[in-house]
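K.L.:
Provided below: start_11.pdb, containing PDB, C-alpha atoms, pLDDT in the B column.
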```
ATOM      1  CA  MET A   1      51.304  24.118 126.177  1.00 52.00           C
ATOM      2  CA  LEU A   2      47.736  24.248 125.076  1.00 45.00           C
ATOM      3  CA  ARG A   3      48.330  27.320 123.020  1.00 49.00           C
ATOM      4  CA  LYS A   4      51.148  25.585 121.223  1.00 49.00           C
ATOM      5  CA  ARG A   5      48.999  22.574 120.507  1.00 49.00           C
ATOM      6  CA  LEU A   6      46.180  24.753 119.197  1.00 45.00           C
ATOM      7  CA  SER A   7      48.668  26.617 117.129  1.00 50.00           C
ATOM      8  CA  ARG A   8      49.846  23.328 115.608  1.00 51.00           C
ATOM      9  CA  LEU A   9      46.305  22.144 115.033  1.00 45.00           C
ATOM     10  CA  GLY A  10      45.450  25.411 113.358  1.00 49.00           C
ATOM     11  CA  GLY A  11      48.422  25.087 111.109  1.00 49.00           C
ATOM     12  CA  ALA A  12      47.484  21.567 110.262  1.00 48.00           C
ATOM     13  CA  PHE A  13      43.941  22.646 109.472  1.00 47.00           C
ATOM     14  CA  LEU A  14      45.120  25.394 107.223  1.00 46.00           C
ATOM     15  CA  VAL A  15      47.401  23.018 105.431  1.00 47.00           C
ATOM     16  CA  THR A  16      44.629  20.476 105.069  1.00 48.00           C
ATOM     17  CA  ALA A  17      42.218  23.119 103.822  1.00 47.00           C
ATOM     18  CA  SER A  18      44.781  24.405 101.419  1.00 48.00           C
ATOM     19  CA  ILE A  19      45.389  20.930 100.112  1.00 47.00           C
ATOM     20  CA  ALA A  20      41.661  20.434  99.715  1.00 48.00           C
ATOM     21  CA  ILE A  21      41.341  23.715  97.868  1.00 46.00           C
ATOM     22  CA  VAL A  22      44.328  22.862  95.714  1.00 47.00           C
ATOM     23  CA  ALA A  23      42.925  19.363  95.004  1.00 48.00           C
ATOM     24  CA  GLN A  24      39.488  20.774  94.148  1.00 53.00           C
ATOM     25  CA  ALA A  25      40.836  23.224  91.561  1.00 53.00           C
ATOM     26  CA  PRO A  26      42.508  20.634  89.257  1.00 57.00           C
ATOM     27  CA  ALA A  27      39.358  18.428  89.285  1.00 58.00           C
ATOM     28  CA  GLN A  28      37.185  21.318  88.121  1.00 63.00           C
ATOM     29  CA  THR A  29      39.655  22.268  85.380  1.00 73.00           C
ATOM     30  CA  LEU A  30      39.766  18.632  84.105  1.00 68.00           C
ATOM     31  CA  ALA A  31      35.979  18.470  83.877  1.00 68.00           C
ATOM     32  CA  GLU A  32      35.895  21.679  81.944  1.00 69.00           C
ATOM     33  CA  ALA A  33      38.632  20.384  79.672  1.00 66.00           C
ATOM     34  CA  VAL A  34      36.740  17.143  79.111  1.00 63.00           C
ATOM     35  CA  GLU A  35      33.578  19.081  78.356  1.00 68.00           C
ATOM     36  CA  THR A  36      35.465  21.382  76.012  1.00 69.00           C
ATOM     37  CA  ARG A  37      37.021  18.368  74.273  1.00 66.00           C
ATOM     38  CA  THR A  38      33.634  16.722  73.968  1.00 68.00           C
ATOM     39  CA  ASN A  39      32.124  19.865  72.507  1.00 69.00           C
ATOM     40  CA  ALA A  40      35.055  20.180  70.127  1.00 64.00           C
ATOM     41  CA  ASN A  41      34.609  16.573  69.017  1.00 68.00           C
ATOM     42  CA  GLY A  42      30.914  17.191  68.409  1.00 69.00           C
ATOM     43  CA  GLU A  43      31.611  20.297  66.427  1.00 71.00           C
ATOM     44  CA  GLY A  44      34.313  18.435  64.495  1.00 71.00           C
ATOM     45  CA  GLN A  45      31.907  15.649  63.644  1.00 78.00           C
ATOM     46  CA  ALA A  46      29.295  18.174  62.548  1.00 77.00           C
ATOM     47  CA  SER A  47      31.883  19.965  60.459  1.00 75.00           C
ATOM     48  CA  GLN A  48      32.991  16.658  58.917  1.00 81.00           C
ATOM     49  CA  ALA A  49      29.363  15.809  58.142  1.00 81.00           C
ATOM     50  CA  ARG A  50      28.966  19.150  56.412  1.00 80.00           C
ATOM     51  CA  VAL A  51      32.203  18.557  54.518  1.00 78.00           C
ATOM     52  CA  ASP A  52      31.020  15.090  53.472  1.00 79.00           C
ATOM     53  CA  LYS A  53      27.669  16.496  52.382  1.00 82.00           C
ATOM     54  CA  LEU A  54      29.352  19.234  50.386  1.00 81.00           C
ATOM     55  CA  SER A  55      31.677  16.646  48.842  1.00 82.00           C
ATOM     56  CA  ASP A  56      28.708  14.477  47.812  1.00 83.00           C
ATOM     57  CA  GLU A  57      26.908  17.489  46.398  1.00 83.00           C
ATOM     58  CA  THR A  58      30.072  18.502  44.544  1.00 85.00           C
ATOM     59  CA  ASP A  59      30.438  14.992  43.103  1.00 83.00           C
ATOM     60  CA  ALA A  60      26.788  15.017  42.006  1.00 86.00           C
ATOM     61  CA  ILE A  61      27.156  18.426  40.384  1.00 87.00           C
ATOM     62  CA  THR A  62      30.389  17.334  38.691  1.00 85.00           C
ATOM     63  CA  SER A  63      28.715  14.165  37.375  1.00 84.00           C
ATOM     64  CA  GLU A  64      25.733  16.146  36.118  1.00 80.00           C
ATOM     65  CA  TYR A  65      28.062  18.664  34.502  1.00 81.00           C
ATOM     66  CA  ARG A  66      29.930  15.917  32.675  1.00 84.00           C
ATOM     67  CA  SER A  67      26.625  14.384  31.563  1.00 81.00           C
ATOM     68  CA  VAL A  68      25.474  17.753  30.243  1.00 77.00           C
ATOM     69  CA  LEU A  69      28.778  18.164  28.402  1.00 79.00           C
ATOM     70  CA  LYS A  70      28.273  14.771  26.733  1.00 80.00           C
ATOM     71  CA  GLN A  71      24.725  15.730  25.746  1.00 76.00           C
ATOM     72  CA  ILE A  72      25.973  19.009  24.317  1.00 81.00           C
ATOM     73  CA  GLU A  73      28.668  17.162  22.367  1.00 79.00           C
ATOM     74  CA  SER A  74      26.080  14.694  21.029  1.00 75.00           C
ATOM     75  CA  LEU A  75      23.779  17.548  20.041  1.00 71.00           C
ATOM     76  CA  LEU A  76      26.614  19.306  18.255  1.00 77.00           C
ATOM     77  CA  VAL A  77      27.399  16.141  16.285  1.00 81.00           C
ATOM     78  CA  TYR A  78      23.692  15.660  15.507  1.00 74.00           C
ATOM     79  CA  ASN A  79      23.356  19.281  14.407  1.00 73.00           C
ATOM     80  CA  ARG A  80      26.328  18.893  12.067  1.00 80.00           C
ATOM     81  CA  GLN A  81      24.797  15.745  10.591  1.00 81.00           C
ATOM     82  CA  LEU A  82      21.394  17.406  10.322  1.00 69.00           C
ATOM     83  CA  THR A  83      22.918  20.424   8.626  1.00 81.00           C
ATOM     84  CA  GLY A  84      24.585  18.165   6.066  1.00 82.00           C
ATOM     85  CA  LEU A  85      21.337  16.242   5.545  1.00 73.00           C
ATOM     86  CA  ILE A  86      19.354  19.442   5.032  1.00 80.00           C
ATOM     87  CA  ARG A  87      21.939  20.691   2.561  1.00 82.00           C
ATOM     88  CA  THR A  88      21.749  17.399   0.643  1.00 84.00           C
ATOM     89  CA  GLN A  89      17.945  17.480   0.636  1.00 74.00           C
ATOM     90  CA  GLU A  90      17.948  21.036  -0.628  1.00 80.00           C
ATOM     91  CA  GLN A  91      20.247  19.979  -3.469  1.00 86.00           C
ATOM     92  CA  GLU A  92      17.973  17.012  -4.271  1.00 80.00           C
ATOM     93  CA  MET A  93      14.916  19.267  -4.214  1.00 76.00           C
ATOM     94  CA  ALA A  94      16.604  21.651  -6.604  1.00 83.00           C
ATOM     95  CA  SER A  95      17.507  18.725  -8.863  1.00 84.00           C
ATOM     96  CA  LEU A  96      13.937  17.379  -8.738  1.00 75.00           C
ATOM     97  CA  GLN A  97      12.520  20.783  -9.551  1.00 79.00           C
ATOM     98  CA  SER A  98      14.848  20.989 -12.528  1.00 79.00           C
ATOM     99  CA  GLN A  99      13.695  17.539 -13.652  1.00 78.00           C
ATOM    100  CA  ILE A 100      10.053  18.548 -13.204  1.00 72.00           C
ATOM    101  CA  ASP A 101      10.646  21.607 -15.337  1.00 71.00           C
ATOM    102  CA  ASP A 102      12.250  19.401 -17.988  1.00 72.00           C
ATOM    103  CA  ILE A 103       9.332  16.955 -17.813  1.00 71.00           C
ATOM    104  CA  GLU A 104       6.845  19.766 -18.327  1.00 69.00           C
ATOM    105  CA  VAL A 105       8.741  20.781 -21.446  1.00 73.00           C
ATOM    106  CA  VAL A 106       8.788  17.173 -22.665  1.00 73.00           C
ATOM    107  CA  GLU A 107       5.088  16.682 -21.888  1.00 71.00           C
ATOM    108  CA  ARG A 108       4.194  19.625 -24.073  1.00 77.00           C
ATOM    109  CA  GLY A 109       5.735  17.667 -26.922  1.00 80.00           C
ATOM    110  CA  VAL A 110       4.345  14.287 -25.804  1.00 86.00           C
ATOM    111  CA  SER A 111       0.688  15.170 -26.330  1.00 88.00           C
ATOM    112  CA  PRO A 112       1.066  15.935 -30.055  1.00 91.00           C
ATOM    113  CA  LEU A 113       3.162  12.781 -30.424  1.00 92.00           C
ATOM    114  CA  MET A 114       0.443  10.638 -28.842  1.00 93.00           C
ATOM    115  CA  GLU A 115      -2.185  12.245 -31.049  1.00 94.00           C
ATOM    116  CA  ARG A 116      -0.143  11.270 -34.103  1.00 94.00           C
ATOM    117  CA  MET A 117       0.225   7.726 -32.766  1.00 95.00           C
ATOM    118  CA  VAL A 118      -3.559   7.380 -32.373  1.00 96.00           C
ATOM    119  CA  ASN A 119      -4.134   8.774 -35.862  1.00 96.00           C
ATOM    120  CA  SER A 120      -1.592   6.337 -37.301  1.00 95.00           C
ATOM    121  CA  LEU A 121      -3.251   3.428 -35.505  1.00 95.00           C
ATOM    122  CA  ASP A 122      -6.655   4.485 -36.829  1.00 95.00           C
ATOM    123  CA  ALA A 123      -5.322   4.637 -40.381  1.00 94.00           C
ATOM    124  CA  PHE A 124      -3.609   1.269 -40.009  1.00 94.00           C
ATOM    125  CA  VAL A 125      -6.811  -0.421 -38.805  1.00 94.00           C
ATOM    126  CA  SER A 126      -8.759   1.105 -41.683  1.00 92.00           C
ATOM    127  CA  LEU A 127      -6.262  -0.176 -44.259  1.00 91.00           C
ATOM    128  CA  ASP A 128      -5.615  -3.551 -42.658  1.00 92.00           C
ATOM    129  CA  VAL A 129      -7.316  -6.863 -43.332  1.00 91.00           C
ATOM    130  CA  PRO A 130     -10.914  -6.329 -42.144  1.00 92.00           C
ATOM    131  CA  PHE A 131     -11.042  -8.678 -39.152  1.00 93.00           C
ATOM    132  CA  LEU A 132     -12.689  -7.781 -35.831  1.00 94.00           C
ATOM    133  CA  GLY A 133     -13.544  -4.418 -37.344  1.00 91.00           C
ATOM    134  CA  GLU A 134     -15.964  -3.275 -34.641  1.00 92.00           C
ATOM    135  CA  GLU A 135     -13.663  -4.282 -31.783  1.00 94.00           C
ATOM    136  CA  ARG A 136     -10.643  -2.559 -33.278  1.00 95.00           C
ATOM    137  CA  ASP A 137     -12.596   0.596 -34.174  1.00 96.00           C
ATOM    138  CA  GLN A 138     -13.892   0.810 -30.610  1.00 97.00           C
ATOM    139  CA  ARG A 139     -10.348   0.506 -29.280  1.00 97.00           C
ATOM    140  CA  VAL A 140      -9.213   3.459 -31.386  1.00 97.00           C
ATOM    141  CA  HIS A 141     -12.306   5.454 -30.412  1.00 97.00           C
ATOM    142  CA  GLY A 142     -11.563   4.753 -26.753  1.00 97.00           C
ATOM    143  CA  LEU A 143      -8.052   6.113 -27.185  1.00 96.00           C
ATOM    144  CA  ARG A 144      -9.384   9.326 -28.722  1.00 96.00           C
ATOM    145  CA  GLU A 145     -11.714   9.820 -25.769  1.00 96.00           C
ATOM    146  CA  LEU A 146      -8.839   9.083 -23.401  1.00 96.00           C
ATOM    147  CA  MET A 147      -6.701  11.773 -24.999  1.00 94.00           C
ATOM    148  CA  ASP A 148      -9.341  14.398 -24.143  1.00 92.00           C
ATOM    149  CA  ARG A 149      -9.456  13.497 -20.436  1.00 93.00           C
ATOM    150  CA  ALA A 150      -7.610  15.865 -18.115  1.00 90.00           C
ATOM    151  CA  ASP A 151      -7.857  13.463 -15.167  1.00 93.00           C
ATOM    152  CA  VAL A 152      -5.638  10.879 -16.882  1.00 93.00           C
ATOM    153  CA  THR A 153      -1.879  11.363 -16.855  1.00 90.00           C
ATOM    154  CA  ASN A 154       0.161  11.397 -20.023  1.00 89.00           C
ATOM    155  CA  ALA A 155       1.986   8.334 -18.736  1.00 88.00           C
ATOM    156  CA  GLU A 156      -1.282   6.367 -18.557  1.00 94.00           C
ATOM    157  CA  LYS A 157      -2.387   7.633 -21.955  1.00 94.00           C
ATOM    158  CA  TYR A 158       0.907   6.569 -23.485  1.00 92.00           C
ATOM    159  CA  ARG A 159       0.688   3.161 -21.804  1.00 94.00           C
ATOM    160  CA  ARG A 160      -2.771   2.565 -23.263  1.00 96.00           C
ATOM    161  CA  ILE A 161      -1.637   3.593 -26.759  1.00 95.00           C
ATOM    162  CA  VAL A 162       1.367   1.271 -26.614  1.00 95.00           C
ATOM    163  CA  GLU A 163      -0.913  -1.495 -25.356  1.00 96.00           C
ATOM    164  CA  ALA A 164      -3.191  -1.007 -28.380  1.00 96.00           C
ATOM    165  CA  TYR A 165      -0.183  -1.173 -30.709  1.00 95.00           C
ATOM    166  CA  GLN A 166       0.926  -4.382 -29.006  1.00 95.00           C
ATOM    167  CA  ILE A 167      -2.499  -5.949 -29.512  1.00 95.00           C
ATOM    168  CA  GLU A 168      -2.365  -5.096 -33.208  1.00 94.00           C
ATOM    169  CA  ASN A 169       1.137  -6.516 -33.414  1.00 93.00           C
ATOM    170  CA  ASP A 170       0.018  -9.779 -31.779  1.00 93.00           C
ATOM    171  CA  TYR A 171      -2.681 -10.250 -34.407  1.00 92.00           C
ATOM    172  CA  GLY A 172       0.063 -10.970 -36.918  1.00 90.00           C
ATOM    173  CA  ARG A 173       1.335 -13.946 -34.890  1.00 90.00           C
ATOM    174  CA  THR A 174      -1.893 -15.702 -33.894  1.00 92.00           C
ATOM    175  CA  ILE A 175      -4.645 -17.816 -35.382  1.00 94.00           C
ATOM    176  CA  GLU A 176      -8.239 -17.039 -34.452  1.00 95.00           C
ATOM    177  CA  ALA A 177     -11.781 -18.199 -35.208  1.00 96.00           C
ATOM    178  CA  TYR A 178     -14.815 -16.048 -34.472  1.00 95.00           C
ATOM    179  CA  ARG A 179     -18.370 -15.576 -35.676  1.00 95.00           C
ATOM    180  CA  GLY A 180     -19.498 -12.405 -37.420  1.00 94.00           C
ATOM    181  CA  THR A 181     -21.367 -11.000 -40.396  1.00 93.00           C
ATOM    182  CA  LEU A 182     -20.443 -10.086 -43.930  1.00 92.00           C
ATOM    183  CA  ASP A 183     -21.375  -6.730 -45.446  1.00 88.00           C
ATOM    184  CA  ASN A 184     -24.458  -8.403 -46.926  1.00 89.00           C
ATOM    185  CA  GLY A 185     -25.620  -9.399 -43.450  1.00 89.00           C
ATOM    186  CA  LYS A 186     -24.871 -13.108 -43.794  1.00 93.00           C
ATOM    187  CA  THR A 187     -23.653 -14.765 -40.552  1.00 95.00           C
ATOM    188  CA  VAL A 188     -20.444 -16.755 -41.056  1.00 96.00           C
ATOM    189  CA  ASP A 189     -17.447 -18.182 -39.202  1.00 96.00           C
ATOM    190  CA  PHE A 190     -14.229 -16.268 -39.843  1.00 97.00           C
ATOM    191  CA  LEU A 191     -10.771 -17.814 -39.732  1.00 96.00           C
ATOM    192  CA  ARG A 192      -7.834 -15.444 -39.373  1.00 94.00           C
ATOM    193  CA  VAL A 193      -4.332 -16.810 -39.782  1.00 93.00           C
ATOM    194  CA  GLY A 194      -2.073 -13.980 -38.653  1.00 92.00           C
ATOM    195  CA  ARG A 195      -2.379 -11.394 -41.392  1.00 90.00           C
ATOM    196  CA  ILE A 196      -1.658 -13.967 -44.087  1.00 90.00           C
ATOM    197  CA  ALA A 197      -5.237 -14.984 -44.717  1.00 92.00           C
ATOM    198  CA  LEU A 198      -8.748 -14.047 -43.670  1.00 95.00           C
ATOM    199  CA  VAL A 199     -11.382 -16.513 -44.844  1.00 96.00           C
ATOM    200  CA  TYR A 200     -14.983 -17.252 -44.006  1.00 97.00           C
ATOM    201  CA  GLN A 201     -17.330 -20.201 -44.147  1.00 96.00           C
ATOM    202  CA  THR A 202     -21.102 -20.198 -43.824  1.00 95.00           C
ATOM    203  CA  LEU A 203     -22.582 -21.980 -40.839  1.00 95.00           C
ATOM    204  CA  ASP A 204     -23.803 -24.835 -43.046  1.00 93.00           C
ATOM    205  CA  GLY A 205     -20.313 -25.208 -44.549  1.00 92.00           C
ATOM    206  CA  GLU A 206     -21.618 -24.825 -48.090  1.00 92.00           C
ATOM    207  CA  GLU A 207     -19.893 -21.532 -48.906  1.00 95.00           C
ATOM    208  CA  THR A 208     -16.286 -20.509 -48.336  1.00 95.00           C
ATOM    209  CA  GLY A 209     -14.633 -17.230 -49.263  1.00 94.00           C
ATOM    210  CA  VAL A 210     -11.485 -15.155 -48.795  1.00 95.00           C
ATOM    211  CA  TRP A 211     -10.710 -11.447 -48.579  1.00 93.00           C
ATOM    212  CA  ASP A 212      -9.045 -10.282 -51.779  1.00 91.00           C
ATOM    213  CA  GLU A 213      -6.654  -7.399 -51.333  1.00 86.00           C
ATOM    214  CA  GLU A 214      -6.655  -6.194 -54.902  1.00 86.00           C
ATOM    215  CA  ALA A 215     -10.414  -6.391 -55.282  1.00 87.00           C
ATOM    216  CA  GLN A 216     -10.964  -5.041 -51.766  1.00 89.00           C
ATOM    217  CA  ASP A 217     -13.844  -7.466 -51.478  1.00 91.00           C
ATOM    218  CA  TRP A 218     -14.762 -10.998 -50.522  1.00 94.00           C
ATOM    219  CA  VAL A 219     -14.226 -13.663 -53.171  1.00 93.00           C
ATOM    220  CA  GLU A 220     -15.981 -17.013 -52.988  1.00 93.00           C
ATOM    221  CA  LEU A 221     -13.689 -20.056 -53.155  1.00 93.00           C
ATOM    222  CA  ASP A 222     -14.343 -23.349 -54.861  1.00 91.00           C
ATOM    223  CA  SER A 223     -15.459 -26.360 -52.871  1.00 91.00           C
ATOM    224  CA  SER A 224     -11.902 -27.737 -52.553  1.00 92.00           C
ATOM    225  CA  PHE A 225     -11.271 -25.284 -49.701  1.00 93.00           C
ATOM    226  CA  ARG A 226     -14.321 -26.282 -47.629  1.00 93.00           C
ATOM    227  CA  THR A 227     -12.622 -29.112 -45.733  1.00 93.00           C
ATOM    228  CA  PRO A 228      -9.269 -27.324 -45.088  1.00 94.00           C
ATOM    229  CA  ILE A 229     -11.074 -24.210 -43.812  1.00 94.00           C
ATOM    230  CA  LYS A 230     -13.385 -26.293 -41.625  1.00 94.00           C
ATOM    231  CA  GLN A 231     -10.306 -28.020 -40.182  1.00 94.00           C
ATOM    232  CA  GLY A 232      -8.603 -24.653 -39.655  1.00 93.00           C
ATOM    233  CA  LEU A 233     -11.619 -23.404 -37.696  1.00 94.00           C
ATOM    234  CA  LYS A 234     -11.400 -26.452 -35.412  1.00 94.00           C
ATOM    235  CA  ILE A 235      -7.672 -25.907 -34.851  1.00 94.00           C
ATOM    236  CA  ALA A 236      -8.205 -22.223 -34.022  1.00 93.00           C
ATOM    237  CA  ARG A 237     -10.910 -23.183 -31.506  1.00 94.00           C
ATOM    238  CA  LYS A 238      -8.577 -25.806 -30.024  1.00 91.00           C
ATOM    239  CA  GLN A 239     -11.053 -28.512 -30.996  1.00 92.00           C
ATOM    240  CA  SER A 240      -8.375 -30.278 -33.016  1.00 88.00           C
ATOM    241  CA  ALA A 241      -4.623 -30.741 -32.789  1.00 88.00           C
ATOM    242  CA  PRO A 242      -2.431 -28.312 -34.758  1.00 86.00           C
ATOM    243  CA  ASP A 243      -1.859 -29.477 -38.315  1.00 85.00           C
ATOM    244  CA  LEU A 244      -0.983 -28.166 -41.757  1.00 87.00           C
ATOM    245  CA  ILE A 245      -3.901 -26.743 -43.708  1.00 84.00           C
ATOM    246  CA  GLU A 246      -4.261 -25.445 -47.235  1.00 85.00           C
ATOM    247  CA  LEU A 247      -4.949 -21.707 -47.411  1.00 85.00           C
ATOM    248  CA  PRO A 248      -5.927 -19.510 -50.349  1.00 84.00           C
ATOM    249  CA  LEU A 249      -3.166 -16.959 -51.078  1.00 75.00           C
ATOM    250  CA  PRO A 250      -2.341 -14.140 -51.371  1.00 57.00           C
ATOM    251  CA  ALA A 251      -3.995 -12.696 -48.269  1.00 43.00           C
ATOM    252  CA  ALA A 252      -5.541  -9.264 -48.155  1.00 41.00           C
ATOM    253  CA  THR A 253      -5.227  -5.841 -46.623  1.00 41.00           C
ATOM    254  CA  GLY A 254      -8.261  -3.589 -46.725  1.00 42.00           C
ATOM    255  CA  GLY A 255     -11.561  -2.884 -44.994  1.00 42.00           C
ATOM    256  CA  GLY A 256     -15.169  -3.930 -45.232  1.00 43.00           C
ATOM    257  CA  GLN A 257     -16.361  -6.558 -42.719  1.00 48.00           C
ATOM    258  CA  SER A 258     -17.240  -6.030 -39.096  1.00 43.00           C
TER     259      SER A 258
END
```
Before anything else, please render the file you have as structure tokens.

P.N.:
Amino acid sequence: MLRKRLSRLGGAFLVTASIAIVAQAPAQTLAEAVETRTNANGEGQASQARVDKLSDETDAITSEYRSVLKQIESLLVYNRQLTGLIRTQEQEMASLQSQIDDIEVVERGVSPLMERMVNSLDAFVSLDVPFLGEERDQRVHGLRELMDRADVTNAEKYRRIVEAYQIENDYGRTIEAYRGTLDNGKTVDFLRVGRIALVYQTLDGEETGVWDEEAQDWVELDSSFRTPIKQGLKIARKQSAPDLIELPLPAATGGGQS
């Protein structure tokens, strides 16, 4: 009886042990599976992080590439514009050089022309009514000196010559009173009315004269002209209102007084 009971107990123990062994094996496998899954998840997350990083880097590189392409396109457009500008400037430079060459040719002819203009002005002053002789002679002399100066451009020389001609032209449209001397050294007041008449009157008002073109000399006037000439002197000096005055005619053209 006892042997049978021990035999049953032994069988039960074996069964229980087997069950325990069987139960222990699935628990160990589950833990390993969980650990494997956890490791796989970690590796997956790491892989995803690397993928995300690579994606960000790719996006950055793509953006930079597009930016570089835009810069290259802008540079190409700029280079085309610059090439056109350079071509235009080269054409303008060639045109300017051609103009400079033409100017040099013209200037070679300008100098003789200006010399003739100065000579003509000198002759005109010498033959004109002899008013402001010293001033006008000095102006012509100054032009001759100017023509010999290499540091003055032809444009400036020409401007000064034209200016002198304009001054001479204005004399014909103005009235002027000034003090000067006759050839005999007598100090008088001169009255110039354009180029129509050039008269004088002594400072005491006792003598009045006019330049005679035909005689090329001063001719004394009778006393009837003393008052009109005195009035004309006042008008020219703006000491009296403009008015009609009697003048001795014809007026003169010639030279003598300074």

K.L.:
Identify, on the basis of all atoms listed in the file, every residue whose closest approach to range 113-128 of chain A does not exceed 12 Å; exclude the query and any residue fewer than 5 positions from it along the same chain; express the result as an MDAnalysis selection string.

P.N.:
chainID A and resid 106:108 133:148 154:169 171:172 194:198 211:213 216 251:258

K.L.:
Taking only C-alpha atoms into account, name the residue in A:Asp183, A:Asp102, A:Glu92, A:Glu176 that is nearest to Gly232 in chain A.

P.N.:
A:Glu176

K.L.:
Assuming the chain letters and numbering stay as they are in my file, what does the PyMOL selection byres ((chain A and resi 231) around 12) actually select? List them as a ChimeraX atom specification.

P.N.:
/A:177,191,201,205,225-230,232-247

K.L.:
Tell me, in Å to one decimal, how far CA of Thr174 in chain A is from CA of Val199 in chain A.

P.N.:
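Going from CA of Thr174 in chain A over to CA of Val199 in chain A covers 14.5 Å.
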
K.L.:
What does the distance between CA of Leu249 in chain A and CA of Gly185 in chain A come to in Å, to one decimal place?

P.N.:
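Straight-line distance from CA of Leu249 in chain A to CA of Gly185 in chain A works out to 24.9 Å.
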
K.L.:
Grab the CA of Arg149 in chain A to CA of Asp170 in chain A distance for me, in Å with one decimal place.

P.N.:
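Computed distance, CA of Arg149 in chain A to CA of Asp170 in chain A, equals 27.6 Å.
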
K.L.:
Hey, what comes out of the PyMOL selection byres ((chain A and resi 209) around 7) on this file? Could you write it as a JSON list (two decimals) with C-alpha atoms, in the frame of the given file?

P.N.:
```json
[["chain", "number", "residue", "atom", "x", "y", "z"],
["A", 199, "VAL", "CA", -11.38, -16.51, -44.84],
["A", 200, "TYR", "CA", -14.98, -17.25, -44.01],
["A", 201, "GLN", "CA", -17.33, -20.20, -44.15],
["A", 207, "GLU", "CA", -19.89, -21.53, -48.91],
["A", 208, "THR", "CA", -16.29, -20.51, -48.34],
["A", 210, "VAL", "CA", -11.48, -15.16, -48.80],
["A", 218, "TRP", "CA", -14.76, -11.00, -50.52],
["A", 219, "VAL", "CA", -14.23, -13.66, -53.17],
["A", 220, "GLU", "CA", -15.98, -17.01, -52.99],
["A", 221, "LEU", "CA", -13.69, -20.06, -53.16]]
```

K.L.:
Restricting the calculation to only C-alpha atoms: of A:Val188, A:Ile61, A:Val193, A:Val77, which residue gets closest to Ile175 in chain A?

P.N.:
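Result for the nearest residue to Ile175 in chain A: A:Val193.
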
K.L.:
Would you compute an axis-aligned box for range 197-207 of chain A, covering every atom listed for it in the file with 5 Å of margin on each side, and report centre and edge lengths in Å to one decimal as AutoDock Vina command-line options?

P.N.:
```
--center_x -14.5 --center_y -19.6 --center_z -44.9 --size_x 28.6 --size_y 21.2 --size_z 18.1
```
